[in-house]
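Okay, protein-v5.txt is below, compact mmCIF, C-alpha atoms and all ligand atoms:
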# COMPACT_ATOMS: atom_id res chain seq x y z
CA MET A 1 76.24 139.06 96.07
CA PRO A 2 76.84 142.31 98.03
CA VAL A 3 74.22 143.01 100.67
CA PRO A 4 73.77 146.00 103.00
CA THR A 5 74.74 144.23 106.24
CA PRO A 6 76.62 140.99 106.99
CA GLN A 7 73.45 139.52 108.49
CA THR A 8 71.42 140.00 105.32
CA ARG A 9 71.01 137.20 102.76
CA CYS A 10 70.65 138.06 99.08
CA GLY A 11 67.94 136.54 96.89
CA VAL A 12 70.33 134.01 95.36
CA CYS A 13 71.36 132.75 98.82
CA LEU A 14 67.74 132.45 99.87
CA SER A 15 66.78 130.35 96.84
CA HIS A 16 70.04 128.34 96.74
CA PRO A 17 71.47 128.19 100.27
CA PRO A 18 75.28 128.21 100.20
CA ALA A 19 77.39 125.38 101.61
CA TRP A 20 78.82 127.66 104.29
CA ASP A 21 77.08 129.24 107.27
CA ARG A 22 78.52 132.74 107.10
CA LEU A 23 80.69 134.58 104.59
CA VAL A 24 82.53 137.74 105.59
CA ALA A 25 84.30 139.95 103.03
CA ILE A 26 85.84 143.41 103.22
CA SER A 27 83.61 144.48 100.36
CA ALA A 28 82.47 143.71 96.86
CA TYR A 29 85.19 143.58 94.20
CA GLU A 30 85.39 147.33 93.70
CA ASP A 31 88.10 149.98 93.85
CA PRO A 32 90.65 149.91 95.28
CA LEU A 33 90.44 146.17 96.03
CA PRO A 34 91.06 144.73 92.51
CA GLN A 35 94.46 146.42 92.18
CA LEU A 36 95.46 145.62 95.74
CA ILE A 37 94.40 141.98 95.50
CA HIS A 38 96.27 141.62 92.22
CA ALA A 39 99.46 142.93 93.86
CA PHE A 40 98.87 140.71 96.90
CA LYS A 41 98.47 137.61 94.79
CA TYR A 42 100.75 138.07 91.80
CA GLN A 43 103.34 140.74 92.71
CA GLN A 44 104.65 139.45 96.02
CA ALA A 45 102.96 142.25 98.00
CA PHE A 46 102.16 139.83 100.81
CA GLU A 47 102.74 142.59 103.39
CA LEU A 48 99.23 143.74 102.36
CA ALA A 49 97.99 140.83 104.46
CA ILE A 50 98.23 143.06 107.54
CA PRO A 51 95.94 145.94 106.47
CA PHE A 52 93.63 143.45 104.74
CA ALA A 53 93.37 141.39 107.92
CA ARG A 54 92.77 144.46 110.07
CA GLN A 55 89.84 145.54 107.89
CA LEU A 56 88.42 142.04 107.62
CA SER A 57 88.73 141.35 111.35
CA GLU A 58 86.60 144.41 112.13
CA ARG A 59 83.73 142.68 110.33
CA ILE A 60 84.08 139.31 112.01
CA HIS A 61 82.16 138.75 115.24
CA SER A 62 82.46 135.46 117.17
CA PRO A 63 85.32 134.21 114.98
CA ALA A 64 85.96 130.55 114.32
CA PRO A 65 88.72 129.26 116.62
CA VAL A 66 90.47 127.64 113.67
CA LEU A 67 91.39 129.25 110.34
CA LEU A 68 91.99 126.99 107.33
CA PRO A 69 93.67 128.73 104.38
CA VAL A 70 92.74 127.43 100.92
CA PRO A 71 95.74 125.31 99.96
CA LEU A 72 97.75 125.71 96.77
CA HIS A 73 99.08 122.72 94.91
CA TRP A 74 102.85 122.51 95.46
CA ARG A 75 103.48 123.38 91.81
CA ARG A 76 101.45 126.62 92.03
CA ARG A 77 103.03 127.40 95.39
CA TRP A 78 106.48 126.88 93.87
CA GLN A 79 105.69 129.04 90.84
CA ARG A 80 104.25 131.90 92.93
CA GLY A 81 106.63 131.52 95.82
CA TYR A 82 103.94 131.87 98.48
CA ASN A 83 100.30 131.18 99.26
CA GLN A 84 98.47 134.49 99.58
CA SER A 85 95.62 132.90 101.56
CA MET A 86 98.11 131.54 104.06
CA HIS A 87 99.54 135.04 104.63
CA LEU A 88 96.03 136.43 105.05
CA ALA A 89 95.16 133.69 107.54
CA TRP A 90 98.31 134.28 109.60
CA ALA A 91 97.63 138.01 109.83
CA LEU A 92 93.95 137.42 110.56
CA ALA A 93 94.78 134.99 113.36
CA ASP A 94 96.74 137.76 115.10
CA TYR A 95 93.82 140.18 114.98
CA LEU A 96 91.20 137.59 115.94
CA ASP A 97 93.32 135.72 118.47
CA THR A 98 92.63 132.42 116.71
CA HIS A 99 94.85 129.73 115.20
CA VAL A 100 95.86 128.82 111.68
CA VAL A 101 95.90 125.12 110.90
CA ASP A 102 97.64 124.65 107.57
CA ASN A 103 97.85 120.87 107.26
CA VAL A 104 94.18 119.84 107.28
CA LEU A 105 93.17 121.06 103.82
CA ALA A 106 95.27 119.75 100.96
CA ARG A 107 95.30 119.85 97.16
CA SER A 108 95.27 116.37 95.75
CA ARG A 109 95.49 117.49 92.13
CA HIS A 110 97.07 120.32 90.17
CA THR A 111 94.31 122.34 88.46
CA ALA A 112 94.08 125.26 86.07
CA PRO A 113 93.45 128.64 87.75
CA GLN A 114 89.76 129.27 88.32
CA GLN A 115 90.24 132.80 87.03
CA GLY A 116 89.13 133.01 83.40
CA LEU A 117 86.92 129.89 83.47
CA SER A 118 83.15 129.76 83.05
CA ARG A 119 80.89 128.79 85.95
CA GLN A 120 80.50 125.22 84.68
CA ALA A 121 84.22 124.86 83.92
CA ARG A 122 85.07 126.05 87.44
CA LEU A 123 83.03 123.19 88.88
CA SER A 124 84.63 120.46 86.75
CA ASN A 125 88.07 122.01 87.17
CA LEU A 126 87.89 121.34 90.91
CA LYS A 127 86.62 117.76 90.78
CA ASN A 128 88.63 115.75 93.32
CA ALA A 129 91.03 118.66 93.66
CA PHE A 130 90.99 118.78 97.47
CA ALA A 131 91.44 116.38 100.34
CA ILE A 132 91.35 116.49 104.12
CA ASN A 133 94.20 115.17 106.22
CA GLY A 134 93.58 113.94 109.72
CA GLU A 135 90.91 115.13 112.14
CA LEU A 136 89.36 118.57 112.36
CA PRO A 137 90.69 120.49 115.34
CA SER A 138 87.26 122.10 115.95
CA SER A 139 83.69 121.71 114.78
CA HIS A 140 83.66 125.48 114.04
CA VAL A 141 86.17 126.38 111.33
CA ALA A 142 86.73 129.19 108.86
CA ILE A 143 88.04 128.81 105.31
CA VAL A 144 90.27 131.73 104.33
CA ASP A 145 90.58 132.69 100.66
CA ASP A 146 91.45 135.88 98.81
CA VAL A 147 88.39 136.03 96.57
CA VAL A 148 85.13 134.12 96.28
CA THR A 149 83.56 134.28 92.81
CA THR A 150 81.22 131.40 91.94
CA GLY A 151 81.88 129.89 95.36
CA GLN A 152 82.93 126.54 93.86
CA THR A 153 86.28 126.50 95.63
CA VAL A 154 84.85 127.05 99.08
CA SER A 155 81.82 124.85 98.37
CA GLN A 156 84.06 121.89 97.51
CA LEU A 157 85.95 122.42 100.74
CA CYS A 158 82.72 122.80 102.73
CA ARG A 159 81.54 119.41 101.46
CA LEU A 160 84.70 117.73 102.66
CA LEU A 161 84.66 119.59 105.95
CA ARG A 162 81.03 118.63 106.67
CA ARG A 163 81.89 114.99 106.01
CA ALA A 164 84.78 115.35 108.43
CA GLY A 165 82.45 116.66 111.13
CA ALA A 166 82.38 120.45 110.75
CA GLU A 167 79.17 121.88 112.19
CA THR A 168 79.74 125.57 111.54
CA ILE A 169 81.76 126.81 108.57
CA ASP A 170 82.64 130.46 108.07
CA VAL A 171 84.34 131.86 104.99
CA TYR A 172 86.62 134.87 105.41
CA CYS A 173 87.71 136.52 102.17
CA LEU A 174 88.85 139.87 100.87
CA ALA A 175 86.14 140.29 98.26
CA ARG A 176 83.06 138.61 96.90
CA THR A 177 82.95 138.94 93.14
CA ASP A 178 80.77 137.84 90.28
CA LEU A 179 81.87 136.43 86.95
CA PRO A 180 82.62 139.19 84.40
O1 LIG B 201 84.76 131.02 93.79
P1 LIG B 201 85.49 130.42 92.63
O2 LIG B 201 84.75 130.60 91.34
O3 LIG B 201 85.88 128.99 92.87
O4 LIG B 201 86.83 131.27 92.41
C1 LIG B 201 87.61 131.74 93.47
C2 LIG B 201 88.96 131.09 93.46
O5 LIG B 201 89.64 131.45 92.26
C3 LIG B 201 90.86 132.07 92.56
O6 LIG B 201 91.88 131.11 92.53
P2 LIG B 201 92.61 130.66 91.19
O7 LIG B 201 92.37 129.20 91.02
O8 LIG B 201 92.26 131.54 90.03
O9 LIG B 201 94.12 130.99 91.55
P3 LIG B 201 95.16 130.34 92.55
O10 LIG B 201 94.66 128.97 92.94
O11 LIG B 201 96.37 130.30 91.72
O12 LIG B 201 95.30 131.24 93.73
C4 LIG B 201 90.70 132.58 93.98
O13 LIG B 201 91.94 132.68 94.65
C5 LIG B 201 89.80 131.57 94.63
O14 LIG B 201 90.50 130.50 95.23
Is it possible to give me this structure as structure tokens?
Amino acid sequence: MPVPTPQTRCGVCLSHPPAWDRLVAISAYEDPLPQLIHAFKYQQAFELAIPFARQLSERIHSPAPVLLPVPLHWRRRWQRGYNQSMHLAWALADYLDTHVVDNVLARSRHTAPQQGLSRQARLSNLKNAFAINGELPSSHVAIVDDVVTTGQTVSQLCRLLRRAGAETIDVYCLARTDLP
């Protein structure tokens, strides 16, 4: 949930510690971000990655040396034509002087979009949806996604990354939202 400073933890995080170590977002899901994120994700406005990355990078101190964009299944990637998180990661890497590694996280299963599902359905929707290929290039990594809502997507990836040896996991996203 939104908190006054990036260092602050909300009550939910204190009672149920998240799977990641640090989450950085531009802001909560409030104007003008919803419209811009929609265009970025569904209307081919991937050039928005540059101003998004500039704003996000200003909030990231001691960045992870490796950025891991949330992968799309090839069918979703083919339908949309691009992976918005990949574009965000590429632009972010320029501002942070870090590297994008796009072949470590993989989708092993095609799933329904998380958007529109309940909290419980989002968890089961992602069962065995991701896999890790090869070795982690660093023990400090950052998952890059457009939006974090229930956190199930990044939590699933955190579990796999911890098993693969990740010690510090950041999450860099455009907005942190809550279910409607
Ligand atoms: O925190 P969560 O509750 O897991 O939800 C966040 C996820 O949902 C959205 O993806 P979605 O599956 O809707 O779309 P996409 O995979 O087609 O980008 C968004 O891009 C995140 O990846």
Practice task
Using all atoms listed in the file, determine which residues fall within 7 Å of ligand LIG 201 (chain B), then list them as a list in words.
Solution key: Val70, Leu72, Arg76, Ala112, Pro113, Gln114, Gln115, Arg119, Arg122, Asp145, Asp146, Val147, Val148, Thr149, Thr150, Gly151, Gln152, Thr153 and Val154 of chain A
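Comparing the minimum interatomic distances between A:Pro71 and each of A:Ala19, A:Ile132, A:Ala53, A:Ala93, counting only C-alpha atoms, we find that A:Ile132 sits nearest.
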Practice task
Using atom CA of A:Thr168 and atom CA of A:Leu96 as the two end points, give the distance in Å to one decimal.
Solution key: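 According to the coordinates, atom CA of A:Thr168 and atom CA of A:Leu96 are separated by 17.2 Å.
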Handout entry: Top pick for closest residue to A:Asn128, considering A:Val101, A:Ala45, A:Leu160, A:Val144 and counting only C-alpha atoms
Key =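 Between A:Val101, A:Ala45, A:Leu160, A:Val144, the residue approaching A:Asn128 most closely is A:Leu160.
If all atoms listed in the file are the atoms counted, then among A:Arg163, A:Pro18, A:Glu47, A:Leu136 the closest residue to A:Leu68 is A:Leu136.
Across the structure, atom CA of A:Leu179 and atom CA of A:Gly116 are spaced 8.8 Å apart.
Using all atoms listed in the file for every distance, the candidate list A:Ser118, A:His140, A:Leu48, A:Arg109 yields A:Leu48 as the residue closest to A:Ser85.
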Handout entry: Residues near A:Gly81, cut-off 12 Å, all atoms listed in the file, skip fewer than 5 positions along chain, as a list in words
Key = Lys41, Tyr42, Gln43, Gln44, Ala45, Phe46, Leu72, His73, Trp74, Arg75, Arg76, Met86 and His87 of chain A
Write the selection just made, keeping C-alpha atoms, as a short mmCIF file (atom, residue, chain, number, x, y, z; two decimals), in the frame of the given file?
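Resulting contents of selection_28.cif:
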data_model
loop_
_atom_site.label_atom_id
_atom_site.label_comp_id
_atom_site.auth_asym_id
_atom_site.auth_seq_id
_atom_site.Cartn_x
_atom_site.Cartn_y
_atom_site.Cartn_z
CA LYS A 41 98.47 137.61 94.79
CA TYR A 42 100.75 138.07 91.80
CA GLN A 43 103.34 140.74 92.71
CA GLN A 44 104.65 139.45 96.02
CA ALA A 45 102.96 142.25 98.00
CA PHE A 46 102.16 139.83 100.81
CA LEU A 72 97.75 125.71 96.77
CA HIS A 73 99.08 122.72 94.91
CA TRP A 74 102.85 122.51 95.46
CA ARG A 75 103.48 123.38 91.81
CA ARG A 76 101.45 126.62 92.03
CA MET A 86 98.11 131.54 104.06
CA HIS A 87 99.54 135.04 104.63
#
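In this model, the gap between atom CA of A:Gln120 and atom CA of A:Pro32 comes to 28.7 Å.
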Handout entry: Neighbour list for A:Trp20 as a list of chain:residue names, cut-off 9 Å, all atoms listed in the file, skip fewer than 6 positions in-chain
Key =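 The contact residues come out as A:Val154, A:Ser155, A:Cys158, A:Thr168, A:Ile169, A:Asp170, A:Val171.
Take the candidates A:Ser15, A:Gln35, A:Ser57, A:Asn133 and check each one against A:Tyr172 using all atoms listed in the file; the shortest distance goes to A:Ser57.
Among A:Ile37, A:Ala121, A:Ala142, A:Val24, the residue with the shortest atom-to-atom distance to A:Ala89, counting only C-alpha atoms, is A:Ala142.
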How big is the axis-aligned box around the listed atoms of stretch 112-120 of chain A once 5 Å is added on each side, and where is its centre? Give both in Å to one decimal, as AutoDock Vina command-line options.
--center_x 87.3 --center_y 129.1 --center_z 85.7 --size_x 23.6 --size_y 17.8 --size_z 15.3
Problem - Who sits within 6 Å of A:Ala175, only C-alpha atoms, same chain under 4 positions skipped, as number ranges by chain - result: A: 25-29, 147
